[in-house]
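Remarks on the structure that follows.
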Amino acid sequence: MPTPTTTSRVRRWDQHGREHVVEVQKAGMQRQLSCVTCGWRTKAQFLPWLKAEEHLTREHQATVDPSTPAS
């Protein structure tokens, strides 16, 4: 029986208001990260969401988290 795959997303916005998204696909213990903006891909077994956030910050300067209320 095939392992079910689930997908979640890490979203951040840059200083110009553009949205950047990294999709995290989970199948068993392995996670595949894919940046919708630039096509970057990597595998991660541990802390995939942290790696997605690091990519968005480093490559796209996207640091605004939509789930955090503005102060």
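Each chain of the structure tokens is named A, B, ... in the order shown, its residues numbered from 1; ligands are numbered from 1 in display order.
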* Neighbours of A:Trp49 within 8 Å (only C-alpha atoms; same-chain residues fewer than 2 positions away dropped), as a list in words? -> Val10, Val24, Leu47, Lys51, Ala52 and Glu53 of chain A
What does the file look like for those residues with all heavy atoms, as a PDB file, in the first residue's frame?
```
ATOM      1  N   VAL A  10       4.676  27.025   3.782  1.00  0.00           N
ATOM      2  CA  VAL A  10       5.253  28.098   4.585  1.00  0.00           C
ATOM      3  C   VAL A  10       5.164  29.340   3.718  1.00  0.00           C
ATOM      4  O   VAL A  10       5.711  29.368   2.614  1.00  0.00           O
ATOM      5  CB  VAL A  10       6.715  27.793   4.983  1.00  0.00           C
ATOM      6  CG1 VAL A  10       7.315  28.956   5.748  1.00  0.00           C
ATOM      7  CG2 VAL A  10       6.790  26.507   5.784  1.00  0.00           C
ATOM      8  N   VAL A  24       5.846  22.020   1.586  1.00  0.00           N
ATOM      9  CA  VAL A  24       6.499  20.920   2.286  1.00  0.00           C
ATOM     10  C   VAL A  24       5.627  19.688   2.079  1.00  0.00           C
ATOM     11  O   VAL A  24       4.502  19.629   2.563  1.00  0.00           O
ATOM     12  CB  VAL A  24       6.651  21.221   3.795  1.00  0.00           C
ATOM     13  CG1 VAL A  24       7.330  20.050   4.499  1.00  0.00           C
ATOM     14  CG2 VAL A  24       7.426  22.517   4.010  1.00  0.00           C
ATOM     15  N   LEU A  47      13.193  19.182  10.780  1.00  0.00           N
ATOM     16  CA  LEU A  47      12.953  20.630  10.758  1.00  0.00           C
ATOM     17  C   LEU A  47      12.723  21.199   9.357  1.00  0.00           C
ATOM     18  O   LEU A  47      13.330  22.199   8.973  1.00  0.00           O
ATOM     19  CB  LEU A  47      14.119  21.360  11.432  1.00  0.00           C
ATOM     20  CG  LEU A  47      14.399  20.976  12.880  1.00  0.00           C
ATOM     21  CD1 LEU A  47      15.682  21.633  13.356  1.00  0.00           C
ATOM     22  CD2 LEU A  47      13.240  21.341  13.778  1.00  0.00           C
ATOM     23  N   LYS A  51      13.873  25.020   7.613  1.00  0.00           N
ATOM     24  CA  LYS A  51      14.653  25.132   6.374  1.00  0.00           C
ATOM     25  C   LYS A  51      13.898  25.951   5.331  1.00  0.00           C
ATOM     26  O   LYS A  51      14.496  26.727   4.590  1.00  0.00           O
ATOM     27  CB  LYS A  51      15.002  23.753   5.830  1.00  0.00           C
ATOM     28  CG  LYS A  51      16.004  23.041   6.706  1.00  0.00           C
ATOM     29  CD  LYS A  51      16.379  21.699   6.166  1.00  0.00           C
ATOM     30  CE  LYS A  51      17.299  21.030   7.180  1.00  0.00           C
ATOM     31  NZ  LYS A  51      18.201  20.092   6.597  1.00  0.00           N
ATOM     32  N   ALA A  52      12.575  25.800   5.294  1.00  0.00           N
ATOM     33  CA  ALA A  52      11.763  26.588   4.363  1.00  0.00           C
ATOM     34  C   ALA A  52      11.837  28.067   4.729  1.00  0.00           C
ATOM     35  O   ALA A  52      12.025  28.923   3.853  1.00  0.00           O
ATOM     36  CB  ALA A  52      10.317  26.105   4.395  1.00  0.00           C
ATOM     37  N   GLU A  53      11.718  28.387   6.011  1.00  0.00           N
ATOM     38  CA  GLU A  53      11.815  29.779   6.460  1.00  0.00           C
ATOM     39  C   GLU A  53      13.184  30.367   6.141  1.00  0.00           C
ATOM     40  O   GLU A  53      13.288  31.511   5.704  1.00  0.00           O
ATOM     41  CB  GLU A  53      11.559  29.870   7.961  1.00  0.00           C
ATOM     42  CG  GLU A  53      10.113  29.648   8.344  1.00  0.00           C
ATOM     43  CD  GLU A  53       9.909  29.643   9.851  1.00  0.00           C
ATOM     44  OE1 GLU A  53      10.868  29.943  10.606  1.00  0.00           O
ATOM     45  OE2 GLU A  53       8.794  29.329  10.272  1.00  0.00           O
TER      46      GLU A  53
END
```
* Name all residues at most 8 Å from A:Gln45 (count only C-alpha atoms; drop same-chain ones fewer than 3 positions away) and give them as a VMD selection string. => chain A and resid 29 to 31 48
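Running DSSP on the backbone gives helix (DSSP H, G or I) for these residues within chain A: Pro48, Trp49, Leu50, Lys51, Ala52, Glu53, Glu54, His55, Leu56, Thr57, Arg58, Glu59 and His60 of chain A.
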* **strand (DSSP E) positions in chain A, given as number ranges by chain** => A: 5-13, 19-27, 30-35, 41-44
* Asked: Counting only C-alpha atoms, what is within 12 Å of A:Leu50, bar same-chain residues fewer than 6 positions away, as an NGL selection string?
  -> :A and (9-11 or 22 or 24 or 33 or 44 or 56-57)
* To do: Excluding A:Gly28 and residues on its chain fewer than 3 positions from it, collect all residues at most 12 Å away from it, counting only C-alpha atoms, and give them as a list in words.
  =>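 Surrounding residues, per the criterion: Pro2, Thr3, Pro4, Thr5, Thr6, Gln25, Arg31, Gln32, Ala44 and Gln45 of chain A.
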Selection export as a CSV table (one decimal), in the first residue's frame, atoms kept: all heavy atoms:
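Below is the file that was written, out-v5.csv:
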```csv
chain,number,residue,atom,x,y,z
A,2,PRO,N,0.7,2.2,-0.9
A,2,PRO,CA,1.5,3.4,-1.0
A,2,PRO,C,1.3,4.3,0.3
A,2,PRO,O,0.3,4.3,0.9
A,2,PRO,CB,1.0,4.1,-2.2
A,2,PRO,CG,-0.3,3.5,-2.6
A,2,PRO,CD,-0.4,2.2,-1.9
A,3,THR,N,2.4,5.0,0.6
A,3,THR,CA,2.4,5.9,1.7
A,3,THR,C,1.7,7.2,1.3
A,3,THR,O,1.9,7.8,0.3
A,3,THR,CB,3.9,6.3,2.1
A,3,THR,OG1,4.6,5.1,2.3
A,3,THR,CG2,3.9,7.2,3.3
A,4,PRO,N,0.7,7.6,2.1
A,4,PRO,CA,0.0,8.8,1.8
A,4,PRO,C,0.9,10.0,1.9
A,4,PRO,O,1.8,10.1,2.7
A,4,PRO,CB,-1.2,8.9,2.9
A,4,PRO,CG,-0.7,8.0,3.9
A,4,PRO,CD,0.2,7.0,3.4
A,5,THR,N,0.6,11.0,1.0
A,5,THR,CA,1.4,12.2,0.9
A,5,THR,C,0.6,13.4,1.4
A,5,THR,O,-0.6,13.5,1.0
A,5,THR,CB,1.9,12.5,-0.5
A,5,THR,OG1,2.7,11.4,-0.9
A,5,THR,CG2,2.8,13.7,-0.6
A,6,THR,N,1.1,14.2,2.3
A,6,THR,CA,0.4,15.4,2.7
A,6,THR,C,1.3,16.6,2.3
A,6,THR,O,2.5,16.5,2.3
A,6,THR,CB,0.2,15.4,4.2
A,6,THR,OG1,1.4,15.3,4.9
A,6,THR,CG2,-0.7,14.3,4.6
A,25,GLN,N,6.1,18.7,1.3
A,25,GLN,CA,5.4,17.5,1.1
A,25,GLN,C,6.0,16.4,1.9
A,25,GLN,O,7.2,16.2,2.0
A,25,GLN,CB,5.5,17.1,-0.4
A,25,GLN,CG,4.8,18.1,-1.3
A,25,GLN,CD,4.9,17.6,-2.8
A,25,GLN,OE1,5.8,17.0,-3.2
A,25,GLN,NE2,3.9,18.0,-3.6
A,31,ARG,N,10.7,14.5,3.8
A,31,ARG,CA,10.0,15.7,3.4
A,31,ARG,C,10.7,16.3,2.2
A,31,ARG,O,11.9,16.3,2.2
A,31,ARG,CB,9.9,16.7,4.5
A,31,ARG,CG,8.8,16.5,5.5
A,31,ARG,CD,9.3,16.0,6.8
A,31,ARG,NE,8.2,15.9,7.8
A,31,ARG,CZ,8.2,14.9,8.6
A,31,ARG,NH1,9.1,14.0,8.6
A,31,ARG,NH2,7.3,14.9,9.5
A,32,GLN,N,9.9,16.7,1.3
A,32,GLN,CA,10.5,17.4,0.1
A,32,GLN,C,10.0,18.8,0.1
A,32,GLN,O,8.8,19.1,0.3
A,32,GLN,CB,9.9,16.7,-1.2
A,32,GLN,CG,10.2,17.4,-2.5
A,32,GLN,CD,11.6,17.2,-2.9
A,32,GLN,OE1,12.2,16.1,-2.7
A,32,GLN,NE2,12.3,18.2,-3.6
A,44,ALA,N,14.4,17.1,3.3
A,44,ALA,CA,14.8,17.3,4.7
A,44,ALA,C,14.0,16.3,5.5
A,44,ALA,O,12.8,16.2,5.4
A,44,ALA,CB,14.4,18.7,5.1
A,45,GLN,N,14.7,15.7,6.4
A,45,GLN,CA,14.1,14.7,7.3
A,45,GLN,C,13.7,15.4,8.6
A,45,GLN,O,12.7,15.1,9.2
A,45,GLN,CB,15.0,13.5,7.6
A,45,GLN,CG,14.3,12.4,8.4
A,45,GLN,CD,15.1,11.2,8.5
A,45,GLN,OE1,16.2,11.1,7.9
A,45,GLN,NE2,14.6,10.2,9.2
```
* Near A:Glu19, within 12 Å and counting only C-alpha atoms, which residues show up once chain neighbours fewer than 6 positions away are dropped, as a PyMOL selection string? -> chain A and resi 9-13+35-37+56+60-66
